$ cat model_34.pdb   # PDB, C-alpha atoms and all ligand atoms
ATOM      1  CA  MET X   1       7.573 -10.126  17.695  1.00  0.00           C
ATOM      2  CA  PRO X   2       3.836  -9.390  17.476  1.00  0.00           C
ATOM      3  CA  LEU X   3       2.819  -7.438  14.391  1.00  0.00           C
ATOM      4  CA  THR X   4      -0.614  -5.867  14.029  1.00  0.00           C
ATOM      5  CA  ILE X   5      -1.991  -4.785  10.667  1.00  0.00           C
ATOM      6  CA  THR X   6      -4.977  -2.460  10.315  1.00  0.00           C
ATOM      7  CA  TRP X   7      -6.804  -1.858   7.055  1.00  0.00           C
ATOM      8  CA  TYR X   8      -8.338   1.622   6.863  1.00  0.00           C
ATOM      9  CA  GLY X   9      -9.970   0.772   3.540  1.00  0.00           C
ATOM     10  CA  HIS X  10      -8.688   1.272  -0.032  1.00  0.00           C
ATOM     11  CA  SER X  11      -4.854   0.984   0.058  1.00  0.00           C
ATOM     12  CA  ALA X  12      -4.376   2.498   3.511  1.00  0.00           C
ATOM     13  CA  PHE X  13      -2.765   0.240   6.092  1.00  0.00           C
ATOM     14  CA  GLY X  14      -1.208   0.613   9.519  1.00  0.00           C
ATOM     15  CA  LEU X  15       1.496  -1.675  10.879  1.00  0.00           C
ATOM     16  CA  GLU X  16       2.279  -1.652  14.599  1.00  0.00           C
ATOM     17  CA  SER X  17       5.048  -3.510  16.402  1.00  0.00           C
ATOM     18  CA  ASP X  18       7.248  -2.865  19.408  1.00  0.00           C
ATOM     19  CA  GLY X  19       5.956   0.678  19.909  1.00  0.00           C
ATOM     20  CA  ASN X  20       6.500   1.740  16.294  1.00  0.00           C
ATOM     21  CA  MET X  21       3.785   2.505  13.766  1.00  0.00           C
ATOM     22  CA  VAL X  22       4.062   2.612   9.989  1.00  0.00           C
ATOM     23  CA  LEU X  23       1.261   4.003   7.833  1.00  0.00           C
ATOM     24  CA  ILE X  24       1.028   3.110   4.163  1.00  0.00           C
ATOM     25  CA  ASP X  25      -0.924   5.310   1.708  1.00  0.00           C
ATOM     26  CA  PRO X  26      -3.078   7.024   4.397  1.00  0.00           C
ATOM     27  CA  PHE X  27      -6.183   7.975   2.413  1.00  0.00           C
ATOM     28  CA  LEU X  28      -8.330   8.334   5.534  1.00  0.00           C
ATOM     29  CA  SER X  29     -10.634  11.378   5.684  1.00  0.00           C
ATOM     30  CA  GLY X  30     -11.398  11.358   1.949  1.00  0.00           C
ATOM     31  CA  ASN X  31     -12.426   7.714   1.719  1.00  0.00           C
ATOM     32  CA  PRO X  32     -16.078   7.687   0.578  1.00  0.00           C
ATOM     33  CA  VAL X  33     -16.943   4.344   2.215  1.00  0.00           C
ATOM     34  CA  HIS X  34     -14.924   4.284   5.452  1.00  0.00           C
ATOM     35  CA  LYS X  35     -13.674   7.430   7.161  1.00  0.00           C
ATOM     36  CA  THR X  36     -10.929   7.388   9.779  1.00  0.00           C
ATOM     37  CA  ASP X  37     -10.128  10.625  11.609  1.00  0.00           C
ATOM     38  CA  PRO X  38      -6.486  11.316  10.687  1.00  0.00           C
ATOM     39  CA  ALA X  39      -6.011  12.869  14.146  1.00  0.00           C
ATOM     40  CA  THR X  40      -6.383   9.375  15.671  1.00  0.00           C
ATOM     41  CA  VAL X  41      -3.271   7.840  14.090  1.00  0.00           C
ATOM     42  CA  ASP X  42       0.219   8.334  15.489  1.00  0.00           C
ATOM     43  CA  PRO X  43       2.832   6.912  13.097  1.00  0.00           C
ATOM     44  CA  ASN X  44       6.596   7.402  13.159  1.00  0.00           C
ATOM     45  CA  THR X  45       6.794   6.502   9.476  1.00  0.00           C
ATOM     46  CA  ILE X  46       4.553   7.021   6.454  1.00  0.00           C
ATOM     47  CA  ILE X  47       5.318   5.084   3.268  1.00  0.00           C
ATOM     48  CA  LEU X  48       3.778   6.222  -0.028  1.00  0.00           C
ATOM     49  CA  THR X  49       3.509   4.131  -3.196  1.00  0.00           C
ATOM     50  CA  HIS X  50       2.696   7.049  -5.527  1.00  0.00           C
ATOM     51  CA  ALA X  51       1.238  10.529  -5.729  1.00  0.00           C
ATOM     52  CA  HIS X  52      -2.391   9.843  -6.623  1.00  0.00           C
ATOM     53  CA  ASN X  53      -4.727  11.590  -4.204  1.00  0.00           C
ATOM     54  CA  ASP X  54      -6.293   8.289  -3.116  1.00  0.00           C
ATOM     55  CA  HIS X  55      -2.853   7.284  -1.770  1.00  0.00           C
ATOM     56  CA  VAL X  56      -1.243  10.508  -0.510  1.00  0.00           C
ATOM     57  CA  GLY X  57      -4.521  11.211   1.283  1.00  0.00           C
ATOM     58  CA  ASP X  58      -3.897  12.846   4.690  1.00  0.00           C
ATOM     59  CA  THR X  59      -0.106  12.396   4.590  1.00  0.00           C
ATOM     60  CA  VAL X  60       0.782  16.084   4.916  1.00  0.00           C
ATOM     61  CA  ASP X  61      -1.540  16.768   7.880  1.00  0.00           C
ATOM     62  CA  ILE X  62      -0.457  13.618   9.719  1.00  0.00           C
ATOM     63  CA  ALA X  63       3.265  14.175   9.109  1.00  0.00           C
ATOM     64  CA  ARG X  64       3.103  17.829  10.181  1.00  0.00           C
ATOM     65  CA  ARG X  65       1.260  16.915  13.391  1.00  0.00           C
ATOM     66  CA  THR X  66       3.315  13.855  14.372  1.00  0.00           C
ATOM     67  CA  GLY X  67       6.720  14.599  12.846  1.00  0.00           C
ATOM     68  CA  ALA X  68       6.548  11.220  11.082  1.00  0.00           C
ATOM     69  CA  THR X  69       9.104  10.592   8.345  1.00  0.00           C
ATOM     70  CA  VAL X  70       7.586  10.257   4.864  1.00  0.00           C
ATOM     71  CA  ILE X  71       9.280   7.714   2.596  1.00  0.00           C
ATOM     72  CA  ALA X  72       8.514   7.955  -1.138  1.00  0.00           C
ATOM     73  CA  THR X  73      10.246   8.113  -4.514  1.00  0.00           C
ATOM     74  CA  VAL X  74      12.494  11.171  -4.589  1.00  0.00           C
ATOM     75  CA  GLU X  75      10.315  13.532  -6.591  1.00  0.00           C
ATOM     76  CA  LEU X  76       7.246  12.758  -4.482  1.00  0.00           C
ATOM     77  CA  ALA X  77       9.285  13.038  -1.262  1.00  0.00           C
ATOM     78  CA  ASN X  78      10.488  16.486  -2.375  1.00  0.00           C
ATOM     79  CA  PHE X  79       6.931  17.507  -3.272  1.00  0.00           C
ATOM     80  CA  ILE X  80       5.728  16.454   0.204  1.00  0.00           C
ATOM     81  CA  ALA X  81       8.628  18.353   1.809  1.00  0.00           C
ATOM     82  CA  GLY X  82       7.444  21.424  -0.111  1.00  0.00           C
ATOM     83  CA  GLN X  83       4.097  21.166   1.720  1.00  0.00           C
ATOM     84  CA  GLY X  84       5.783  21.871   5.055  1.00  0.00           C
ATOM     85  CA  VAL X  85       6.771  18.323   6.061  1.00  0.00           C
ATOM     86  CA  ASN X  86      10.170  18.374   7.759  1.00  0.00           C
ATOM     87  CA  ASN X  87      11.208  14.722   7.613  1.00  0.00           C
ATOM     88  CA  VAL X  88      11.223  13.013   4.242  1.00  0.00           C
ATOM     89  CA  VAL X  89      13.336  10.256   2.730  1.00  0.00           C
ATOM     90  CA  GLY X  90      13.420   9.968  -1.053  1.00  0.00           C
ATOM     91  CA  GLY X  91      14.388   6.635  -2.554  1.00  0.00           C
ATOM     92  CA  ASN X  92      14.020   4.828  -5.817  1.00  0.00           C
ATOM     93  CA  HIS X  93      13.466   1.398  -7.359  1.00  0.00           C
ATOM     94  CA  GLY X  94      15.844  -1.228  -6.011  1.00  0.00           C
ATOM     95  CA  GLY X  95      16.957   0.917  -3.094  1.00  0.00           C
ATOM     96  CA  THR X  96      16.235   0.327   0.573  1.00  0.00           C
ATOM     97  CA  ALA X  97      15.378   2.994   3.148  1.00  0.00           C
ATOM     98  CA  SER X  98      15.543   2.355   6.884  1.00  0.00           C
ATOM     99  CA  PHE X  99      13.017   3.662   9.394  1.00  0.00           C
ATOM    100  CA  ASP X 100      12.272   3.216  13.114  1.00  0.00           C
ATOM    101  CA  GLY X 101      11.909  -0.538  13.566  1.00  0.00           C
ATOM    102  CA  GLY X 102      12.390  -1.634   9.973  1.00  0.00           C
ATOM    103  CA  SER X 103      13.177  -0.919   6.351  1.00  0.00           C
ATOM    104  CA  THR X 104      11.530  -0.779   2.957  1.00  0.00           C
ATOM    105  CA  LYS X 105      12.841  -1.656  -0.492  1.00  0.00           C
ATOM    106  CA  PHE X 106      11.323   0.211  -3.430  1.00  0.00           C
ATOM    107  CA  THR X 107      10.074  -2.026  -6.243  1.00  0.00           C
ATOM    108  CA  PRO X 108       8.790  -1.061  -9.672  1.00  0.00           C
ATOM    109  CA  ALA X 109       5.047  -0.717 -10.245  1.00  0.00           C
ATOM    110  CA  TRP X 110       3.264  -0.307 -13.584  1.00  0.00           C
ATOM    111  CA  HIS X 111       1.031   2.699 -13.055  1.00  0.00           C
ATOM    112  CA  THR X 112       1.136   6.510 -13.232  1.00  0.00           C
ATOM    113  CA  SER X 113       1.731   9.089 -10.497  1.00  0.00           C
ATOM    114  CA  SER X 114       0.081  12.519 -10.433  1.00  0.00           C
ATOM    115  CA  TYR X 115      -1.454  14.744  -7.775  1.00  0.00           C
ATOM    116  CA  SER X 116      -4.385  17.147  -8.162  1.00  0.00           C
ATOM    117  CA  GLN X 117      -4.622  20.293  -6.054  1.00  0.00           C
ATOM    118  CA  GLY X 118      -7.526  22.501  -7.097  1.00  0.00           C
ATOM    119  CA  ASP X 119      -7.010  23.268 -10.783  1.00  0.00           C
ATOM    120  CA  MET X 120      -3.365  22.221 -10.680  1.00  0.00           C
ATOM    121  CA  VAL X 121      -2.098  18.757 -11.560  1.00  0.00           C
ATOM    122  CA  VAL X 122       1.512  17.848 -10.841  1.00  0.00           C
ATOM    123  CA  ALA X 123       3.267  14.568 -11.591  1.00  0.00           C
ATOM    124  CA  PRO X 124       5.994  14.058  -8.987  1.00  0.00           C
ATOM    125  CA  GLY X 125       8.006  10.990  -9.912  1.00  0.00           C
ATOM    126  CA  VAL X 126       7.060   7.441 -10.694  1.00  0.00           C
ATOM    127  CA  PRO X 127       5.035   4.875  -8.750  1.00  0.00           C
ATOM    128  CA  SER X 128       6.565   2.135  -6.639  1.00  0.00           C
ATOM    129  CA  GLY X 129       5.751  -0.908  -4.571  1.00  0.00           C
ATOM    130  CA  HIS X 130       7.415  -1.601  -1.227  1.00  0.00           C
ATOM    131  CA  ILE X 131       8.964  -4.658   0.379  1.00  0.00           C
ATOM    132  CA  VAL X 132       8.602  -3.726   4.043  1.00  0.00           C
ATOM    133  CA  ARG X 133      10.599  -5.556   6.700  1.00  0.00           C
ATOM    134  CA  PHE X 134       9.024  -4.792  10.064  1.00  0.00           C
ATOM    135  CA  GLY X 135       7.967  -6.672  13.177  1.00  0.00           C
ATOM    136  CA  GLY X 136       9.909  -9.760  12.146  1.00  0.00           C
ATOM    137  CA  LYS X 137       7.962 -10.106   8.894  1.00  0.00           C
ATOM    138  CA  THR X 138       8.415  -9.272   5.218  1.00  0.00           C
ATOM    139  CA  LEU X 139       5.384  -7.627   3.630  1.00  0.00           C
ATOM    140  CA  TYR X 140       5.062  -6.722  -0.056  1.00  0.00           C
ATOM    141  CA  PHE X 141       2.771  -3.766  -0.733  1.00  0.00           C
ATOM    142  CA  ALA X 142       2.268  -3.802  -4.506  1.00  0.00           C
ATOM    143  CA  GLY X 143       0.734  -0.318  -4.582  1.00  0.00           C
ATOM    144  CA  ASP X 144      -1.299   0.399  -7.705  1.00  0.00           C
ATOM    145  CA  THR X 145       0.048  -1.770 -10.472  1.00  0.00           C
ATOM    146  CA  ALA X 146      -0.626  -4.064 -13.353  1.00  0.00           C
ATOM    147  CA  LEU X 147       0.587  -7.643 -13.148  1.00  0.00           C
ATOM    148  CA  PHE X 148       4.242  -7.943 -14.144  1.00  0.00           C
ATOM    149  CA  LEU X 149       6.515 -10.954 -14.456  1.00  0.00           C
ATOM    150  CA  ASP X 150       9.212  -9.494 -12.178  1.00  0.00           C
ATOM    151  CA  MET X 151       6.900 -10.244  -9.253  1.00  0.00           C
ATOM    152  CA  GLN X 152       8.725 -13.594  -9.399  1.00  0.00           C
ATOM    153  CA  LEU X 153      11.836 -11.751  -8.163  1.00  0.00           C
ATOM    154  CA  ILE X 154       9.834 -10.286  -5.284  1.00  0.00           C
ATOM    155  CA  GLY X 155       8.581 -13.806  -4.521  1.00  0.00           C
ATOM    156  CA  ASP X 156      12.229 -14.873  -4.261  1.00  0.00           C
ATOM    157  CA  GLU X 157      12.570 -12.495  -1.285  1.00  0.00           C
ATOM    158  CA  GLY X 158      10.168 -14.723   0.644  1.00  0.00           C
ATOM    159  CA  PRO X 159       7.354 -12.347   1.540  1.00  0.00           C
ATOM    160  CA  ASP X 160       5.232 -13.498   4.467  1.00  0.00           C
ATOM    161  CA  VAL X 161       2.415 -11.220   3.329  1.00  0.00           C
ATOM    162  CA  ALA X 162       1.468  -9.830  -0.102  1.00  0.00           C
ATOM    163  CA  VAL X 163      -0.949  -6.898  -0.204  1.00  0.00           C
ATOM    164  CA  LEU X 164      -2.452  -6.744  -3.683  1.00  0.00           C
ATOM    165  CA  PRO X 165      -4.937  -4.469  -5.451  1.00  0.00           C
ATOM    166  CA  ILE X 166      -7.858  -6.415  -6.938  1.00  0.00           C
ATOM    167  CA  GLY X 167     -10.160  -3.595  -8.062  1.00  0.00           C
ATOM    168  CA  ASP X 168      -9.440  -3.738 -11.814  1.00  0.00           C
ATOM    169  CA  HIS X 169      -9.929  -0.601 -13.980  1.00  0.00           C
ATOM    170  CA  PHE X 170      -7.018   1.381 -12.412  1.00  0.00           C
ATOM    171  CA  THR X 171      -4.935  -1.666 -11.356  1.00  0.00           C
ATOM    172  CA  MET X 172      -4.861  -5.388 -11.894  1.00  0.00           C
ATOM    173  CA  GLY X 173      -8.163  -7.130 -11.296  1.00  0.00           C
ATOM    174  CA  PRO X 174      -8.830 -10.333  -9.348  1.00  0.00           C
ATOM    175  CA  LYS X 175      -7.675 -12.723 -12.110  1.00  0.00           C
ATOM    176  CA  ASP X 176      -4.317 -11.007 -12.525  1.00  0.00           C
ATOM    177  CA  ALA X 177      -3.958 -10.567  -8.750  1.00  0.00           C
ATOM    178  CA  ALA X 178      -4.401 -14.350  -8.416  1.00  0.00           C
ATOM    179  CA  ARG X 179      -1.603 -14.806 -10.989  1.00  0.00           C
ATOM    180  CA  ALA X 180       0.489 -12.357  -8.928  1.00  0.00           C
ATOM    181  CA  ALA X 181      -0.176 -14.436  -5.808  1.00  0.00           C
ATOM    182  CA  ARG X 182       1.168 -17.516  -7.628  1.00  0.00           C
ATOM    183  CA  MET X 183       4.435 -15.685  -8.393  1.00  0.00           C
ATOM    184  CA  LEU X 184       4.786 -14.097  -4.945  1.00  0.00           C
ATOM    185  CA  ARG X 185       4.340 -17.318  -2.918  1.00  0.00           C
ATOM    186  CA  ALA X 186       3.448 -15.389   0.256  1.00  0.00           C
ATOM    187  CA  GLY X 187       1.919 -17.225   3.198  1.00  0.00           C
ATOM    188  CA  THR X 188      -0.837 -14.620   3.419  1.00  0.00           C
ATOM    189  CA  VAL X 189      -2.429 -12.492   0.697  1.00  0.00           C
ATOM    190  CA  ILE X 190      -4.473  -9.414   1.623  1.00  0.00           C
ATOM    191  CA  PRO X 191      -6.645  -7.824  -1.100  1.00  0.00           C
ATOM    192  CA  CYS X 192      -7.117  -4.052  -1.258  1.00  0.00           C
ATOM    193  CA  HIS X 193      -8.074  -1.200  -3.629  1.00  0.00           C
ATOM    194  CA  TYR X 194     -11.631  -2.471  -4.214  1.00  0.00           C
ATOM    195  CA  ASN X 195     -15.199  -1.340  -3.410  1.00  0.00           C
ATOM    196  CA  THR X 196     -14.106   2.260  -2.713  1.00  0.00           C
ATOM    197  CA  PHE X 197     -15.480   3.702  -5.960  1.00  0.00           C
ATOM    198  CA  PRO X 198     -17.997   2.282  -8.487  1.00  0.00           C
ATOM    199  CA  PRO X 199     -15.392   1.288 -11.157  1.00  0.00           C
ATOM    200  CA  ILE X 200     -13.525  -0.962  -8.705  1.00  0.00           C
ATOM    201  CA  GLU X 201     -16.366  -3.046  -7.264  1.00  0.00           C
ATOM    202  CA  GLN X 202     -15.190  -6.625  -6.649  1.00  0.00           C
ATOM    203  CA  ASP X 203     -16.048  -9.671  -4.559  1.00  0.00           C
ATOM    204  CA  PRO X 204     -13.079 -10.333  -2.250  1.00  0.00           C
ATOM    205  CA  LEU X 205     -14.495 -13.725  -1.213  1.00  0.00           C
ATOM    206  CA  ALA X 206     -14.466 -14.913  -4.840  1.00  0.00           C
ATOM    207  CA  PHE X 207     -10.828 -13.785  -5.024  1.00  0.00           C
ATOM    208  CA  LYS X 208     -10.096 -15.664  -1.795  1.00  0.00           C
ATOM    209  CA  ALA X 209     -11.682 -18.853  -3.135  1.00  0.00           C
ATOM    210  CA  GLU X 210      -9.703 -18.679  -6.389  1.00  0.00           C
ATOM    211  CA  VAL X 211      -6.324 -17.966  -4.755  1.00  0.00           C
ATOM    212  CA  GLU X 212      -6.773 -20.630  -2.092  1.00  0.00           C
ATOM    213  CA  LYS X 213      -7.759 -23.171  -4.769  1.00  0.00           C
ATOM    214  CA  GLU X 214      -4.842 -22.399  -7.068  1.00  0.00           C
ATOM    215  CA  THR X 215      -2.001 -21.505  -4.680  1.00  0.00           C
ATOM    216  CA  SER X 216      -0.796 -22.431  -1.212  1.00  0.00           C
ATOM    217  CA  SER X 217      -1.421 -18.869   0.056  1.00  0.00           C
ATOM    218  CA  MET X 218      -4.169 -18.083   2.559  1.00  0.00           C
ATOM    219  CA  VAL X 219      -6.223 -14.965   1.777  1.00  0.00           C
ATOM    220  CA  LEU X 220      -7.037 -12.643   4.653  1.00  0.00           C
ATOM    221  CA  VAL X 221     -10.071 -10.488   3.782  1.00  0.00           C
ATOM    222  CA  LEU X 222     -10.159  -7.588   6.211  1.00  0.00           C
ATOM    223  CA  ALA X 223     -13.049  -5.200   6.819  1.00  0.00           C
ATOM    224  CA  PRO X 224     -12.213  -1.485   6.800  1.00  0.00           C
ATOM    225  CA  GLY X 225     -11.210  -0.369  10.298  1.00  0.00           C
ATOM    226  CA  VAL X 226     -10.405  -3.892  11.446  1.00  0.00           C
ATOM    227  CA  SER X 227      -7.006  -5.092  12.704  1.00  0.00           C
ATOM    228  CA  ALA X 228      -5.399  -8.524  12.608  1.00  0.00           C
ATOM    229  CA  GLU X 229      -2.327 -10.074  14.219  1.00  0.00           C
ATOM    230  CA  LEU X 230       0.161 -11.409  11.688  1.00  0.00           C
TER     231      LEU X 230
HETATM  232 NI    NI F   1      -3.115   5.226  -8.402  1.00  0.00          NI
HETATM  233 MN    MN F   2      -5.256   4.182  -6.457  1.00  0.00          MN
END
$ encode --input "model_34.pdb" --output "structure tokens" --more "lines below"
Ligand code: NI
Ligand code: MN
Amino acid sequence: MPLTITWYGHSAFGLESDGNMVLIDPFLSGNPVHKTDPATVDPNTIILTHAHNDHVGDTVDIARRTGATVIATVELANFIAGQGVNNVVGGNHGGTASFDGGSTKFTPAWHTSSYSQGDMVVAPGVPSGHIVRFGGKTLYFAGDTALFLDMQLIGDEGPDVAVLPIGDHFTMGPKDAARAARMLRAGTVIPCHYNTFPPIEQDPLAFKAEVEKETSSMVLVLAPGVSAEL
């Protein structure tokens, strides 16, 4: 089954297969280096890794317009429902949620999870990663996280693709992401969460060279707005 992945920059991805579309962490209109009009995407499913504004992004507007189901850890799913989104599925670490055309298993992630709205800051739930099975492939979206040894367990699930943050400062940097790649043993590694803001400037081609030297994974460096067939 053909599977198309689109990187919208930062940690925002689209997956399309067999007439279904999944959006992950759709930070589209607020991205300072690559803006996508949220009115141009038409997902059935939106998966969130955590509540930070650079991940929730345009979720509420897109879900209200399209009726897409938002999948997130329970507290974040309830928070999103409170913003006028009708279809949410709350899950938690180790659990699997089904959606149109696939499923996702929540994994742990070492990070925090808060959302700022004007002067108010709320902290709905804990962060997660996602093992997404869609379009005949298994894709691990690490979300924002530090390196952790249990990535070996995720590697045991045989991911075809591992999407890893490399920006450092808020998440693991390129060195730790290369160590993650060794544990995950995915055929393809896609770096994300870099070059959006000054503290996370990185060279993705240096990361590619290191991972391809030290592991058997190929690194796919996407440009924001560009799609690839997986
Ligand atoms: Ni974050
Ligand atoms: Mn982030």
$ residues_near_ligand --input "model_34.pdb" --ligand "ligand NI 1 (chain F)" --cutoff "8 Å" --atoms "all atoms listed in the file" --output "list in words"
His50, Ala51, His52, Asn53, Asp54, His55, His111, Thr112, Ser113, Gly143, Asp144, Thr145, Phe170 and Thr171 of chain X
$ closest_residue --input "model_34.pdb" --among "X:Ser227, X:Asn86, X:Ser103, X:Ser114" --to "Phe13 in chain X" --atoms "only C-alpha atoms"
X:Ser227
$ resolve_selection --input "model_34.pdb" --expression "the PyMOL selection byres (((chain X and resi 134) around 9) and not hetatm)" --output "ChimeraX atom specification"
/X:3,15-17,22,101-104,132-133,135-139
$ resolve_selection --input "model_34.pdb" --expression "the PyMOL selection byres (((chain X and resi 150-158) around 12) and not hetatm)" --output "NGL selection string"
:X and (94 or 105-110 or 129-133 or 137-142 or 145-149 or 159-162 or 164 or 176-177 or 179-188)
$ closest_residue --input "model_34.pdb" --among "X:Gly19, X:Leu205, X:Thr59, X:Ala223" --to "Val85 in chain X" --atoms "only C-alpha atoms"
X:Thr59
$ residues_around --input "model_34.pdb" --residues "Ala12 in chain X" --least-positions-apart "6" --cutoff "8 Å" --atoms "only C-alpha atoms" --output "PyMOL selection string"
chain X and resi 23-28+55
$ atom_distance --input "model_34.pdb" --atom1 "CA of Asp18 in chain X" --atom2 "CA of Thr6 in chain X"
15.2 Å
$ closest_residue --input "model_34.pdb" --among "X:Ile200, X:Ala77, X:Ile46, X:Val121" --to "ligand MN 2 (chain F)" --atoms "only C-alpha atoms and all ligand atoms"
X:Ile200
$ atom_distance --input "model_34.pdb" --atom1 "CA of Asn87 in chain X" --atom2 "CA of Thr69 in chain X"
4.7 Å
$ resolve_selection --input "model_34.pdb" --expression "the PyMOL selection byres (((chain X and resi 70) around 12) and not hetatm)" --output "MDAnalysis selection string"
chainID X and resid 22:26 43:50 56 58:64 66:69 71:74 76:81 83:91 97:100 104
$ build_atoms --input "model_34.pdb" --residues "range 108-122 of chain X" --atoms "N, CA and C atoms" --output "mmCIF file, in the coordinates of the input"
data_model
loop_
_atom_site.group_PDB
_atom_site.id
_atom_site.type_symbol
_atom_site.label_atom_id
_atom_site.label_comp_id
_atom_site.auth_asym_id
_atom_site.auth_seq_id
_atom_site.Cartn_x
_atom_site.Cartn_y
_atom_site.Cartn_z
ATOM 1 N N PRO X 108 9.569 -1.682 -8.594
ATOM 2 C CA PRO X 108 8.790 -1.061 -9.672
ATOM 3 C C PRO X 108 7.294 -1.324 -9.506
ATOM 4 N N ALA X 109 6.499 -0.496 -10.144
ATOM 5 C CA ALA X 109 5.047 -0.717 -10.245
ATOM 6 C C ALA X 109 4.625 -0.119 -11.581
ATOM 7 N N TRP X 110 3.740 -0.804 -12.280
ATOM 8 C CA TRP X 110 3.264 -0.307 -13.584
ATOM 9 C C TRP X 110 1.994 0.484 -13.382
ATOM 10 N N HIS X 111 2.146 1.821 -13.375
ATOM 11 C CA HIS X 111 1.031 2.699 -13.055
ATOM 12 C C HIS X 111 1.453 4.111 -13.443
ATOM 13 N N THR X 112 0.714 5.122 -13.041
ATOM 14 C CA THR X 112 1.136 6.510 -13.232
ATOM 15 C C THR X 112 1.174 7.165 -11.856
ATOM 16 N N SER X 113 1.585 8.436 -11.800
ATOM 17 C CA SER X 113 1.731 9.089 -10.497
ATOM 18 C C SER X 113 1.545 10.583 -10.661
ATOM 19 N N SER X 114 0.343 11.074 -10.354
ATOM 20 C CA SER X 114 0.081 12.519 -10.433
ATOM 21 C C SER X 114 -0.736 12.915 -9.211
ATOM 22 N N TYR X 115 -0.742 14.233 -8.957
ATOM 23 C CA TYR X 115 -1.454 14.744 -7.775
ATOM 24 C C TYR X 115 -2.248 15.968 -8.192
ATOM 25 N N SER X 116 -3.524 16.015 -7.825
ATOM 26 C CA SER X 116 -4.385 17.147 -8.162
ATOM 27 C C SER X 116 -4.598 18.011 -6.935
ATOM 28 N N GLN X 117 -4.399 19.325 -7.139
ATOM 29 C CA GLN X 117 -4.622 20.293 -6.054
ATOM 30 C C GLN X 117 -5.402 21.443 -6.668
ATOM 31 N N GLY X 118 -6.708 21.494 -6.433
ATOM 32 C CA GLY X 118 -7.526 22.501 -7.097
ATOM 33 C C GLY X 118 -7.464 22.304 -8.599
ATOM 34 N N ASP X 119 -7.096 23.353 -9.324
ATOM 35 C CA ASP X 119 -7.010 23.268 -10.783
ATOM 36 C C ASP X 119 -5.660 22.752 -11.248
ATOM 37 N N MET X 120 -4.735 22.565 -10.307
ATOM 38 C CA MET X 120 -3.365 22.221 -10.680
ATOM 39 C C MET X 120 -3.164 20.703 -10.605
ATOM 40 N N VAL X 121 -2.494 20.164 -11.612
ATOM 41 C CA VAL X 121 -2.098 18.757 -11.560
ATOM 42 C C VAL X 121 -0.581 18.696 -11.693
ATOM 43 N N VAL X 122 0.067 18.045 -10.756
ATOM 44 C CA VAL X 122 1.512 17.848 -10.841
ATOM 45 C C VAL X 122 1.778 16.348 -10.934
#
